[in-house]
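K.L.:
Structure: coords_25.cif, mmCIF, C-alpha atoms and all ligand atoms.
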```
data_run
loop_
_atom_site.label_atom_id
_atom_site.label_comp_id
_atom_site.auth_asym_id
_atom_site.auth_seq_id
_atom_site.Cartn_x
_atom_site.Cartn_y
_atom_site.Cartn_z
CA MET E 93 -20.93 18.59 -0.67
CA THR E 94 -18.46 18.09 2.18
CA LYS E 95 -14.73 18.52 1.80
CA LEU E 96 -12.27 16.75 4.09
CA VAL E 97 -8.48 16.52 4.00
CA HIS E 98 -6.52 13.43 5.03
CA ILE E 99 -2.84 13.82 5.89
CA SER E 100 -0.50 11.25 7.42
CA ASP E 101 3.07 10.39 8.35
CA LEU E 102 4.60 13.81 9.00
CA HIS E 103 7.69 12.18 10.56
CA THR E 104 9.02 15.31 12.25
CA GLY E 105 12.50 14.72 13.64
CA TYR E 106 13.56 12.47 10.80
CA ALA E 107 16.54 13.59 8.68
CA HIS E 108 14.33 13.62 5.59
CA PHE E 109 11.51 15.63 7.16
CA ARG E 110 10.68 18.54 4.83
CA GLU E 111 9.34 21.56 6.69
CA ASP E 112 8.92 23.52 3.45
CA ILE E 113 6.55 20.90 2.02
CA LEU E 114 4.52 20.72 5.24
CA LEU E 115 4.16 24.51 5.45
CA LYS E 116 3.02 24.67 1.82
CA THR E 117 0.49 21.91 2.50
CA ILE E 118 -0.84 23.70 5.58
CA GLU E 119 -1.27 26.86 3.50
CA GLU E 120 -3.18 24.90 0.84
CA ILE E 121 -5.41 23.25 3.46
CA ASN E 122 -6.25 26.55 5.13
CA GLU E 123 -7.15 28.06 1.75
CA MET E 124 -9.30 25.03 0.92
CA LYS E 125 -11.25 25.38 4.22
CA PRO E 126 -12.34 21.73 4.54
CA SER E 127 -14.90 20.76 7.19
CA ALA E 128 -12.23 18.71 8.98
CA VAL E 129 -8.68 17.43 8.68
CA ILE E 130 -7.91 13.83 9.58
CA ILE E 131 -4.34 13.03 10.65
CA THR E 132 -3.52 9.32 10.77
CA GLY E 133 -0.34 9.09 12.79
CA ASP E 134 3.44 8.94 12.57
CA LEU E 135 3.51 12.60 13.55
CA THR E 136 7.04 11.94 14.82
CA ASP E 137 9.85 9.59 13.92
CA HIS E 138 10.94 8.29 17.35
CA GLY E 139 8.15 9.43 19.68
CA PHE E 140 10.58 11.86 21.33
CA TYR E 141 9.13 14.78 23.28
CA ASN E 142 10.81 17.47 21.15
CA GLU E 143 9.50 15.82 17.99
CA PHE E 144 5.95 15.93 19.36
CA VAL E 145 6.38 19.60 20.31
CA GLN E 146 7.53 20.28 16.74
CA ALA E 147 4.59 18.32 15.29
CA LYS E 148 2.14 20.19 17.52
CA LYS E 149 3.50 23.52 16.34
CA TYR E 150 2.63 22.61 12.73
CA ILE E 151 -0.68 20.91 13.52
CA ASP E 152 -1.82 23.97 15.49
CA MET E 153 -1.32 26.00 12.31
CA ILE E 154 -3.99 23.89 10.55
CA GLU E 155 -7.14 25.97 11.01
CA PRO E 156 -10.06 23.55 10.43
CA GLN E 157 -11.11 21.15 13.21
CA LYS E 158 -8.96 18.03 13.40
CA ILE E 159 -9.05 14.44 14.53
CA ILE E 160 -5.65 12.89 15.22
CA VAL E 161 -4.58 9.31 15.98
CA PRO E 162 -1.07 8.02 16.71
CA GLY E 163 1.07 5.77 14.50
CA ASN E 164 3.65 3.13 15.35
CA HIS E 165 6.47 5.69 15.32
CA ASP E 166 4.58 7.82 17.86
CA ALA E 167 4.34 4.87 20.26
CA ARG E 168 8.13 4.53 20.53
CA ASN E 169 9.92 5.62 23.71
CA ILE E 170 6.61 6.08 25.63
CA GLY E 171 5.53 8.52 22.94
CA ASP E 172 1.97 7.26 23.44
CA GLU E 173 1.96 9.07 26.82
CA VAL E 174 3.35 12.24 25.23
CA PHE E 175 0.70 12.02 22.52
CA GLU E 176 -2.02 12.04 25.21
CA GLU E 177 -0.38 14.98 26.97
CA LEU E 178 -0.19 17.14 23.84
CA PHE E 179 -3.08 15.95 21.67
CA GLY E 180 -5.55 14.27 24.05
CA GLU E 181 -7.20 10.88 23.65
CA ARG E 182 -5.49 8.29 21.42
CA TYR E 183 -8.89 7.25 20.09
CA SER E 184 -11.83 9.58 19.76
CA VAL E 185 -14.88 10.64 17.77
CA LEU E 186 -15.45 13.78 15.72
CA GLU E 187 -19.00 14.35 14.58
CA LEU E 188 -19.73 16.87 11.85
CA LYS E 189 -23.27 17.69 12.91
CA ASN E 190 -24.33 19.79 9.91
CA GLU E 191 -22.97 17.23 7.45
CA ALA E 192 -24.31 14.11 9.29
CA ILE E 193 -20.83 12.57 9.31
CA LYS E 194 -19.22 10.66 12.16
CA ILE E 195 -15.44 10.15 12.12
CA ILE E 196 -14.15 7.50 14.51
CA GLY E 197 -10.41 7.67 15.18
CA LEU E 198 -8.73 4.49 16.46
CA ASP E 199 -5.29 3.93 17.98
CA SER E 200 -3.75 0.96 16.16
CA SER E 201 -0.28 1.42 17.66
CA GLU E 202 1.38 -0.82 20.21
CA PRO E 203 4.30 0.50 22.30
CA ASP E 204 7.63 -0.03 20.51
CA LEU E 205 6.17 -2.37 17.87
CA GLY E 206 5.90 -1.80 14.12
CA HIS E 207 2.73 -3.74 13.52
CA GLY E 208 -0.73 -2.66 14.56
CA LYS E 209 -3.66 -3.98 16.56
CA ILE E 210 -7.10 -2.63 17.45
CA GLY E 211 -7.86 -5.13 20.22
CA ARG E 212 -11.17 -6.31 21.62
CA LEU E 213 -11.96 -3.33 23.87
CA GLN E 214 -11.35 -0.75 21.16
CA LYS E 215 -13.29 -2.89 18.66
CA ARG E 216 -16.24 -2.75 21.06
CA PHE E 217 -15.87 1.05 21.29
CA MET E 218 -15.85 1.26 17.47
CA GLU E 219 -18.89 -0.99 17.12
CA ASP E 220 -20.88 0.98 19.71
CA GLU E 221 -20.11 4.22 17.88
CA LEU E 222 -21.00 2.64 14.52
CA ALA E 223 -24.29 1.27 15.89
CA ASP E 224 -25.22 4.77 17.05
CA ALA E 225 -24.20 6.29 13.69
CA ASN E 226 -26.13 3.70 11.67
CA GLU E 227 -29.22 4.17 13.81
CA ARG E 228 -29.07 7.89 13.08
CA GLY E 229 -28.26 7.42 9.37
CA LEU E 230 -24.87 9.11 9.55
CA PHE E 231 -22.07 8.77 6.98
CA THR E 232 -19.29 6.85 8.79
CA ILE E 233 -15.52 7.23 8.54
CA ILE E 234 -12.92 5.17 10.41
CA ALA E 235 -9.41 6.65 10.75
CA LEU E 236 -6.45 4.58 11.92
CA HIS E 237 -2.72 4.46 11.20
CA HIS E 238 -2.24 0.88 9.99
CA HIS E 239 -3.84 -0.37 6.81
CA ILE E 240 -6.33 -3.23 7.02
CA ILE E 241 -5.94 -4.50 3.46
CA SER E 242 -2.44 -5.00 2.01
CA ILE E 243 -1.16 -2.23 -0.27
CA PRO E 244 0.51 -3.00 -3.62
CA HIS E 245 4.08 -1.81 -4.31
CA THR E 246 5.08 -1.97 -0.64
CA GLY E 247 7.22 -5.09 -0.61
CA ARG E 248 6.87 -7.88 1.91
CA GLU E 249 3.67 -7.54 3.92
CA ARG E 250 4.22 -7.68 7.66
CA ASN E 251 2.45 -4.66 9.07
CA THR E 252 -1.31 -4.89 8.60
CA LEU E 253 -3.29 -5.07 11.83
CA SER E 254 -2.72 -8.37 13.61
CA ASP E 255 -6.52 -8.50 14.03
CA ALA E 256 -7.17 -7.26 10.45
CA GLY E 257 -9.62 -10.05 9.64
CA ASP E 258 -11.91 -9.35 12.59
CA ILE E 259 -11.81 -5.58 12.06
CA LEU E 260 -12.43 -5.95 8.32
CA LEU E 261 -15.46 -8.14 8.95
CA SER E 262 -16.83 -5.65 11.47
CA LEU E 263 -16.33 -2.69 9.10
CA ILE E 264 -18.06 -4.51 6.24
CA GLN E 265 -20.93 -5.73 8.43
CA ASN E 266 -21.46 -2.23 9.76
CA ASN E 267 -21.46 -0.76 6.24
CA VAL E 268 -18.74 1.78 7.04
CA ASN E 269 -18.52 4.28 4.17
CA LEU E 270 -14.85 5.18 4.29
CA VAL E 271 -11.68 3.93 6.01
CA LEU E 272 -8.57 6.15 6.14
CA SER E 273 -5.08 4.85 6.94
CA GLY E 274 -1.43 5.80 6.47
CA HIS E 275 1.71 3.89 7.45
CA LYS E 276 3.02 2.55 4.13
CA HIS E 277 3.58 6.00 2.59
CA VAL E 278 1.80 4.77 -0.54
CA PRO E 279 -1.53 6.40 -1.49
CA TYR E 280 -3.99 3.75 -2.61
CA ALA E 281 -7.69 2.88 -2.73
CA TRP E 282 -9.51 -0.43 -2.41
CA LYS E 283 -13.25 -0.89 -2.61
CA MET E 284 -14.81 -3.84 -0.82
CA ASN E 285 -18.59 -4.26 -0.75
CA ASN E 286 -19.87 -0.79 0.19
CA THR E 287 -16.70 0.36 1.95
CA LEU E 288 -13.91 2.43 0.40
CA PHE E 289 -10.47 1.85 1.98
CA THR E 290 -7.88 4.53 1.22
CA THR E 291 -4.35 5.22 2.35
CA ALA E 292 -2.54 8.55 2.32
CA GLY E 293 1.15 8.94 1.50
CA THR E 294 3.64 10.72 3.74
CA VAL E 295 2.78 14.42 3.75
CA SER E 296 6.19 15.82 4.59
CA SER E 297 9.00 13.29 4.54
CA MET E 298 11.23 11.85 1.86
CA LYS E 299 10.64 8.33 3.21
CA LEU E 300 9.30 7.37 -0.20
CA ARG E 301 9.15 4.30 -2.39
CA GLY E 302 10.58 4.75 -5.87
CA ASN E 303 10.13 7.98 -7.77
CA THR E 304 7.12 9.30 -5.86
CA HIS E 305 6.36 12.50 -3.98
CA PRO E 306 5.08 13.45 -0.55
CA SER E 307 1.31 13.87 -0.83
CA TYR E 308 -2.07 14.18 0.87
CA ASN E 309 -5.64 13.24 -0.02
CA VAL E 310 -8.65 15.50 -0.49
CA ILE E 311 -12.04 13.86 0.03
CA ASP E 312 -15.25 15.23 -1.46
CA ILE E 313 -18.46 13.64 -0.23
CA ASP E 314 -21.72 14.30 -2.00
CA ASN E 315 -24.52 12.38 -0.35
CA GLN E 316 -23.08 8.82 -0.44
CA TYR E 317 -20.74 9.47 -3.39
CA ILE E 318 -17.05 9.80 -2.48
CA GLU E 319 -14.36 11.34 -4.67
CA ILE E 320 -10.73 11.28 -3.55
CA THR E 321 -7.93 13.28 -5.15
CA LEU E 322 -4.23 12.87 -4.53
CA HIS E 323 -2.34 16.15 -4.16
CA ASN E 324 1.38 15.63 -4.77
CA SER E 325 4.04 18.01 -3.46
CA ASP E 326 5.16 18.69 -7.06
CA GLY E 327 1.76 20.31 -7.67
CA THR E 328 0.16 17.46 -9.63
CA ILE E 329 -3.38 16.47 -8.65
CA VAL E 330 -4.77 13.11 -9.78
CA PRO E 331 -7.83 11.00 -8.88
CA LEU E 332 -7.27 8.23 -6.33
CA THR E 333 -9.66 5.61 -7.55
CA PRO E 334 -9.94 1.89 -6.79
CA PRO E 335 -8.80 -0.45 -9.60
FE FE X 1 5.23 6.42 8.54
FE FE X 2 3.83 3.83 10.40
#
```
Transcribe the structure of this file into C-alpha cells.
Ligand SMILES: [Fe+2]
Ligand SMILES: [Fe+2]

P.N.:
Amino acid sequence: MTKLVHISDLHTGYAHFREDILLKTIEEINEMKPSAVIITGDLTDHGFYNEFVQAKKYIDMIEPQKIIVPGNHDARNIGDEVFEELFGERYSVLELKNEAIKIIGLDSSEPDLGHGKIGRLQKRFMEDELADANERGLFTIIALHHHIISIPHTGRERNTLSDAGDILLSLIQNNVNLVLSGHKHVPYAWKMNNTLFTTAGTVSSMKLRGNTHPSYNVIDIDNQYIEITLHNSDGTIVPLTPP
C-alpha cells in the first residue's frame, strides 16, 4: 500500500490566504508520512517574488519528497522564471522506485493567461516518459494544474487545456492510472476507461465556491486499486469517488 498526498492552490499573497489552515495541513501531512506529496500549482496569487518566497517557506516544511508544478497564477508577472529559480524545473519526473510508481509533472501554464496548454513538445516528453513506464510495468500518475475534463459546479467552462482533446486521447491510449489537477478549487473525480481523473480543492485559501471548505486529497494505492479521500479543513474526511 502506497500513500500519497495531493495539495493544490495555496494562493499565498491573496487576502483570503489562510496560514493557519496551511500549517495545520502540513502538520497532518508530516504525521501521515506519505511516500510523496504532489503540489499542482497556484502556489501564489500574482506570481510575485515575495509570494513565491512565502510559498517556499511553507513547502520546505513539508517533510516527504515532493513534485511541484506551476499554475496559471504562478505564471503571472514572469513568475514562471521565479518558479524555476526557487523550485527548479517547471515539468519533471519523480519515480518512487520501491513502489514502482512514476509521477510525471507537467507545466500547463502560459505566461499571463488563465487557460492552460501542454503543447506538442511537452506532450512528446510526457509520451516518452509514459512509454518507458509502461515498458517497465510502472503505475503512472500525471500531475498538472489545469483540469482536462470539465468539473461540475464550476460555472461557465473556459479554462480546460486548449489541447485537452489531444492530451486526453494520449492519456487514455497510454493507460495512465491517475491524473491529478487543481485550478477550479473543486475536488472531484471522473473515471474514463482505465484512467482516474481527480482534482484537489484549494488547500489554504477562501477562494471557494458556495459553502465548501479548503481541502486536500489523500491517495492510497494498493496494487492497481486507488482510493482517494477528501480531507476538509473542518476536520471532515469523505471518500472522493467518481459518480
Ligand atoms: Fe487557483
Ligand atoms: Fe488556477

K.L.:
Residues within 7 Å of ligand FE 2 (chain X) (all atoms listed in the file), as number ranges by chain?

P.N.:
E: 101, 134, 163-165, 237-238, 274-276

K.L.:
Generate a file of the selected residues that holds C-alpha atoms, formatted as a PDB file, in the coordinates of the input.

P.N.:
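As written to disk, out.pdb reads:
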```pdb
ATOM      1  CA  ASP E 101       3.070  10.390   8.350  1.00  0.00           C
ATOM      2  CA  ASP E 134       3.440   8.940  12.570  1.00  0.00           C
ATOM      3  CA  GLY E 163       1.070   5.770  14.500  1.00  0.00           C
ATOM      4  CA  ASN E 164       3.650   3.130  15.350  1.00  0.00           C
ATOM      5  CA  HIS E 165       6.470   5.690  15.320  1.00  0.00           C
ATOM      6  CA  HIS E 237      -2.720   4.460  11.200  1.00  0.00           C
ATOM      7  CA  HIS E 238      -2.240   0.880   9.990  1.00  0.00           C
ATOM      8  CA  GLY E 274      -1.430   5.800   6.470  1.00  0.00           C
ATOM      9  CA  HIS E 275       1.710   3.890   7.450  1.00  0.00           C
ATOM     10  CA  LYS E 276       3.020   2.550   4.130  1.00  0.00           C
TER      11      LYS E 276
END
```

K.L.:
Using all atoms listed in the file, determine which residues fall within 12 Å of ligand FE 1 (chain X), then list them as a PyMOL selection string.

P.N.:
chain E and resi 99-104+106+108-109+131-139+162-167+201+206-207+237-239+251+273-278+291-301+306

K.L.:
Could the residues in this selection be saved with C-alpha atoms as a PDB file, keeping the file's coordinate frame?

P.N.:
```pdb
ATOM      1  CA  ILE E  99      -2.840  13.820   5.890  1.00  0.00           C
ATOM      2  CA  SER E 100      -0.500  11.250   7.420  1.00  0.00           C
ATOM      3  CA  ASP E 101       3.070  10.390   8.350  1.00  0.00           C
ATOM      4  CA  LEU E 102       4.600  13.810   9.000  1.00  0.00           C
ATOM      5  CA  HIS E 103       7.690  12.180  10.560  1.00  0.00           C
ATOM      6  CA  THR E 104       9.020  15.310  12.250  1.00  0.00           C
ATOM      7  CA  TYR E 106      13.560  12.470  10.800  1.00  0.00           C
ATOM      8  CA  HIS E 108      14.330  13.620   5.590  1.00  0.00           C
ATOM      9  CA  PHE E 109      11.510  15.630   7.160  1.00  0.00           C
ATOM     10  CA  ILE E 131      -4.340  13.030  10.650  1.00  0.00           C
ATOM     11  CA  THR E 132      -3.520   9.320  10.770  1.00  0.00           C
ATOM     12  CA  GLY E 133      -0.340   9.090  12.790  1.00  0.00           C
ATOM     13  CA  ASP E 134       3.440   8.940  12.570  1.00  0.00           C
ATOM     14  CA  LEU E 135       3.510  12.600  13.550  1.00  0.00           C
ATOM     15  CA  THR E 136       7.040  11.940  14.820  1.00  0.00           C
ATOM     16  CA  ASP E 137       9.850   9.590  13.920  1.00  0.00           C
ATOM     17  CA  HIS E 138      10.940   8.290  17.350  1.00  0.00           C
ATOM     18  CA  GLY E 139       8.150   9.430  19.680  1.00  0.00           C
ATOM     19  CA  PRO E 162      -1.070   8.020  16.710  1.00  0.00           C
ATOM     20  CA  GLY E 163       1.070   5.770  14.500  1.00  0.00           C
ATOM     21  CA  ASN E 164       3.650   3.130  15.350  1.00  0.00           C
ATOM     22  CA  HIS E 165       6.470   5.690  15.320  1.00  0.00           C
ATOM     23  CA  ASP E 166       4.580   7.820  17.860  1.00  0.00           C
ATOM     24  CA  ALA E 167       4.340   4.870  20.260  1.00  0.00           C
ATOM     25  CA  SER E 201      -0.280   1.420  17.660  1.00  0.00           C
ATOM     26  CA  GLY E 206       5.900  -1.800  14.120  1.00  0.00           C
ATOM     27  CA  HIS E 207       2.730  -3.740  13.520  1.00  0.00           C
ATOM     28  CA  HIS E 237      -2.720   4.460  11.200  1.00  0.00           C
ATOM     29  CA  HIS E 238      -2.240   0.880   9.990  1.00  0.00           C
ATOM     30  CA  HIS E 239      -3.840  -0.370   6.810  1.00  0.00           C
ATOM     31  CA  ASN E 251       2.450  -4.660   9.070  1.00  0.00           C
ATOM     32  CA  SER E 273      -5.080   4.850   6.940  1.00  0.00           C
ATOM     33  CA  GLY E 274      -1.430   5.800   6.470  1.00  0.00           C
ATOM     34  CA  HIS E 275       1.710   3.890   7.450  1.00  0.00           C
ATOM     35  CA  LYS E 276       3.020   2.550   4.130  1.00  0.00           C
ATOM     36  CA  HIS E 277       3.580   6.000   2.590  1.00  0.00           C
ATOM     37  CA  VAL E 278       1.800   4.770  -0.540  1.00  0.00           C
ATOM     38  CA  THR E 291      -4.350   5.220   2.350  1.00  0.00           C
ATOM     39  CA  ALA E 292      -2.540   8.550   2.320  1.00  0.00           C
ATOM     40  CA  GLY E 293       1.150   8.940   1.500  1.00  0.00           C
ATOM     41  CA  THR E 294       3.640  10.720   3.740  1.00  0.00           C
ATOM     42  CA  VAL E 295       2.780  14.420   3.750  1.00  0.00           C
ATOM     43  CA  SER E 296       6.190  15.820   4.590  1.00  0.00           C
ATOM     44  CA  SER E 297       9.000  13.290   4.540  1.00  0.00           C
ATOM     45  CA  MET E 298      11.230  11.850   1.860  1.00  0.00           C
ATOM     46  CA  LYS E 299      10.640   8.330   3.210  1.00  0.00           C
ATOM     47  CA  LEU E 300       9.300   7.370  -0.200  1.00  0.00           C
ATOM     48  CA  ARG E 301       9.150   4.300  -2.390  1.00  0.00           C
ATOM     49  CA  PRO E 306       5.080  13.450  -0.550  1.00  0.00           C
TER      50      PRO E 306
END
```

K.L.:
Quick one: distance from atom CA of Ser307 of chain E to atom CA of Gln214 of chain E in Å, one decimal?

P.N.:
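A separation of 29.3 Å between them.
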
K.L.:
To one decimal in Å, tell me the separation between atom CA of Ile311 of chain E and atom CA of Ser200 of chain E.

P.N.:
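Spanning atom CA of Ile311 of chain E to atom CA of Ser200 of chain E is a straight-line distance of 22.3 Å.
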
K.L.:
Between atom CA of Val145 of chain E and atom CA of Ile113 of chain E, what distance in Å does the model show, to one decimal?

P.N.:
18.3 Å

K.L.:
Hey, can you pull every residue with an atom no more than 7 Å from (0.7, 11.6, 19.6), using all atoms listed in the file, and send it as JSON, numbers by chain?

P.N.:
{"E": [135, 144, 161, 162, 166, 171, 172, 174, 175, 176, 179]}

K.L.:
So, counting only C-alpha atoms, which residue among E:Pro335, E:Leu270, E:Val310, E:Ile130 is closest to Thr290 of chain E?

P.N.:
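Looking only at the distances to Thr290 of chain E, the closest residue turns out to be E:Leu270.
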
K.L.:
List the neighbours of Tyr150 of chain E out to 9 Å using only C-alpha atoms; skip same-chain residues closer than 3 positions along the sequence, and give me the result as a ChimeraX atom specification.

P.N.:
/E:114-115,118,145-147,153-154
